[in-house]
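Below is one structure, written out as structure tokens; comments come after it.
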Amino acid sequence: MEVLSGRLDRLFERRREEYEQKALDILRSGQYILGEEVDSFEKAFALFNGAKYCVGVGSGLDALRISLRMLGVGEGDEVIVQGNTFIAGVMAVADCGAVPVLVDPGDGFNLDAESVRSALTEKTRAVLVTHLYGIPTNMDGIVRLCKERGLLLIEDCAHAHGAQWRGKKVGTFGDAGCFSFYPTKNLGCFGDGGAVITNNAEFAEKVRLFRCYGSEVKYHHSLIGANSLLDALQAGMLGIKLQSLDETNAERTAIAEKYSAEIKNPLVVLPKAPENAKCVWHQYVVRCSLRDRLQRHLEENGIHTIIHYPVPAHLTEAFAYLGIERGSLPKTEELSDTVLSLPMYNGMTDSEQDAVIEAVNSFSG
Ligand SMILES: Cc1ncc(COP(=O)(O)O)c(C=O)c1O
């Protein structure tokens with residue numbers, strides 16, 4: 001049996017007629033940029049998260065970079081970011097002129113208060129947390145530390161729509177929660193899209209202005225902005241998907257629970273759901289010191305996997321200028337050599353899950 005690492009067609013099929021009808025309605029409406037569909041999705045997504053405001057933007061990367069800029073992060077500032085995140089967060093920091101200070105994660109895949117504390121300097125302005133793979137970061141100590149030191153706290157929630165820490169949705173712990181709606185995400189559209197959520201009215205207004213040429217009234221510009229909009233078609237599709245996000249997240253959780261119960265191989269370390277966390281399992285990421293051999297073995301058995309992420313930011317050409325040598329972030333580097341994402345998608349059948357489990361269990365090195 002062949003099992004793909006991810007697939008989107010099964011989820012689409014479940015509500016195909018609704019998507020198609022909505023797309024036709026929007027195409028026929030003549031309103032493609034901003035307007036009612038975008039307003040209504042923003043309201044629904046803010047409500048879903050328990051945030052006061054949501055502003056749709058063009059992508060997850062834009063959600064991050066616009067947030068940092070509109071919170072006033074810029075030249076001379078340092079922003080603490082985990083080394084093992086997707087490059088977007090690191091690029092967003094660099095893009096606004098600040099210095100990304102890369103640190104190792106704590107025990108799991110995410111930042112912890114100690115790793116943040118160890119990187120603080122007088123220039124530290126903000127902390128950027130990623131709820132990696134849909135596993136919420138322990139926010140207790142980080143929120144306390146940011147309050148104590150007067151630091152901005154930004155959450156990259158691209159993997160974690162609907163995830164919770166102590167019953168509170170991720171994205172609502174600090175100044176800004178940044179989401180990607182890239183098609184493969186737990187809440188994914190049919191192209192690019194993103195959003196910022198916040199409880200800060202002034203900041204929300206700035207993001208709203210920035211995303212549209214710094215303009216509220218056509219041809220009047222109060223700041224130098226960007227063209228970064230969530231379009232009406234995507235907002236319409238997202239509105240439909242949001243209605244079943246809790247169920248689709250629960251379906252991923254059931255797959256993760258089955259993997260965790262039935263994968264038994266001493267060579268493979270399974271991910272842990274921290275206490276107090278509601279995970280949404282964007283990815284189910286195992287670790288294996290013989291990762292490349294494991295990946296080959298799975299491939300030979302028809303199981304396709306992906307590595308999130310094979311090259312940490314500090315070892316990419318783009319960030320060579322930071323001068324962070326190999327060996328400086330040992331945990332991050334070890335993770336990039338050992339992590340492997342098993343197939344995870346909505347609509348995955350029992351026999352597909354069994355095939356993955358069987359293939360992992362039969363790996364002998
Ligand atoms: C953790 C993380 N943050 C941010 C992004 C950026 O999102 P986008 O692709 O919508 O720009 C991604 C995209 O994959 C991501 O994985």
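All residue names refer to the structure tokens as shown: chains lettered A, B, ... in order, residues numbered from 1 in each chain, ligands numbered from 1 in order.
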Practice problem: May I ask you to write as number ranges by chain all residues lying at most 6 Å from ligand 1, with only C-alpha atoms and all ligand atoms counted? | Solution: A: 59-61, 85-86, 88-89, 156, 158-159, 180-182, 192-194
Emit the selected residues as an mmCIF file, in the first residue's frame, including N, CA and C atoms.
data_model
loop_
_atom_site.group_PDB
_atom_site.id
_atom_site.type_symbol
_atom_site.label_atom_id
_atom_site.label_comp_id
_atom_site.auth_asym_id
_atom_site.auth_seq_id
_atom_site.Cartn_x
_atom_site.Cartn_y
_atom_site.Cartn_z
ATOM 1 N N SER A 59 -0.252 35.997 3.818
ATOM 2 C CA SER A 59 0.443 34.728 4.107
ATOM 3 C C SER A 59 0.841 34.701 5.581
ATOM 4 N N GLY A 60 1.331 33.541 6.010
ATOM 5 C CA GLY A 60 1.835 33.431 7.378
ATOM 6 C C GLY A 60 3.092 34.267 7.569
ATOM 7 N N LEU A 61 3.943 34.277 6.561
ATOM 8 C CA LEU A 61 5.157 35.100 6.654
ATOM 9 C C LEU A 61 4.775 36.569 6.822
ATOM 10 N N THR A 85 12.777 26.317 14.227
ATOM 11 C CA THR A 85 11.484 26.657 13.619
ATOM 12 C C THR A 85 11.624 26.732 12.105
ATOM 13 N N PHE A 86 10.491 26.872 11.409
ATOM 14 C CA PHE A 86 10.545 27.120 9.971
ATOM 15 C C PHE A 86 11.154 28.504 9.758
ATOM 16 N N ALA A 88 10.450 31.073 8.231
ATOM 17 C CA ALA A 88 9.619 32.278 8.135
ATOM 18 C C ALA A 88 9.815 33.223 9.320
ATOM 19 N N GLY A 89 9.817 32.675 10.531
ATOM 20 C CA GLY A 89 9.939 33.517 11.717
ATOM 21 C C GLY A 89 11.268 34.255 11.725
ATOM 22 N N ASP A 156 3.955 32.346 16.735
ATOM 23 C CA ASP A 156 3.803 31.790 15.392
ATOM 24 C C ASP A 156 2.916 30.552 15.528
ATOM 25 N N ALA A 158 1.351 28.986 13.002
ATOM 26 C CA ALA A 158 1.124 28.415 11.666
ATOM 27 C C ALA A 158 0.806 26.927 11.712
ATOM 28 N N HIS A 159 1.269 26.236 12.772
ATOM 29 C CA HIS A 159 1.016 24.798 12.885
ATOM 30 C C HIS A 159 -0.090 24.490 13.891
ATOM 31 N N SER A 180 -0.810 31.006 9.470
ATOM 32 C CA SER A 180 -0.719 30.752 8.029
ATOM 33 C C SER A 180 -1.916 29.902 7.640
ATOM 34 N N PHE A 181 -2.475 30.179 6.471
ATOM 35 C CA PHE A 181 -3.544 29.321 5.937
ATOM 36 C C PHE A 181 -3.081 28.601 4.679
ATOM 37 N N TYR A 182 -1.777 28.389 4.575
ATOM 38 C CA TYR A 182 -1.221 27.612 3.476
ATOM 39 C C TYR A 182 -2.014 26.296 3.391
ATOM 40 N N ASP A 192 -2.527 31.033 -0.951
ATOM 41 C CA ASP A 192 -1.837 31.598 0.215
ATOM 42 C C ASP A 192 -2.790 32.448 1.034
ATOM 43 N N GLY A 193 -2.552 32.494 2.321
ATOM 44 C CA GLY A 193 -3.351 33.340 3.195
ATOM 45 C C GLY A 193 -2.770 33.321 4.591
ATOM 46 N N GLY A 194 -3.131 34.302 5.383
ATOM 47 C CA GLY A 194 -2.652 34.359 6.764
ATOM 48 C C GLY A 194 -3.508 35.307 7.564
#
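Residues surrounding Ser118 (chain A) within 12 Å are A:Ile80, A:Val101, A:Leu102, A:Val103, A:Asp104, A:Pro105, A:Gly106, A:Leu111, A:Asp112, A:Ala113, A:Glu114, A:Ser115, A:Val116, A:Leu120, A:Thr121, A:Thr124, A:Leu145 [only C-alpha atoms; sequence separation below 2 positions excluded].
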Exercise. Identify, on the basis of only C-alpha atoms, every residue whose closest approach to Ile224 (chain A) does not exceed 8 Å; exclude the query and any residue fewer than 5 positions from it along the same chain; express the result as a count of residues only.
Key: 3
Practice problem: Please give the complete set of residues from region 197-326 of chain A that DSSP, run on the backbone, assigns to alpha helix (DSSP H), formatted as a ChimeraX atom specification. | Solution: /A:201-210,232-243,245-262,291-300
Quiz prompt | Pick from A:Lys241, A:Lys272, A:Arg211, A:Lys52 nearest to Arg16 (chain A), counting only C-alpha atoms | solution =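 Ranking A:Lys241, A:Lys272, A:Arg211, A:Lys52 by distance to Arg16 (chain A), first place goes to A:Lys241.
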Please list as a PDB file with C-alpha atoms, in the first residue's frame every residue within 10 Å of Glu334 (chain A), counting only C-alpha atoms and excluding residues in the same chain fewer than 6 positions away.
ATOM      1  CA  ASN A  84      14.443  24.718  14.978  1.00  0.00           C
ATOM      2  CA  ARG A 287      13.041  11.104  16.208  1.00  0.00           C
ATOM      3  CA  SER A 289      19.305   8.542  15.276  1.00  0.00           C
ATOM      4  CA  PRO A 312      18.259  24.900  10.591  1.00  0.00           C
ATOM      5  CA  GLY A 327      27.863  23.256  16.772  1.00  0.00           C
TER       6      GLY A 327
END
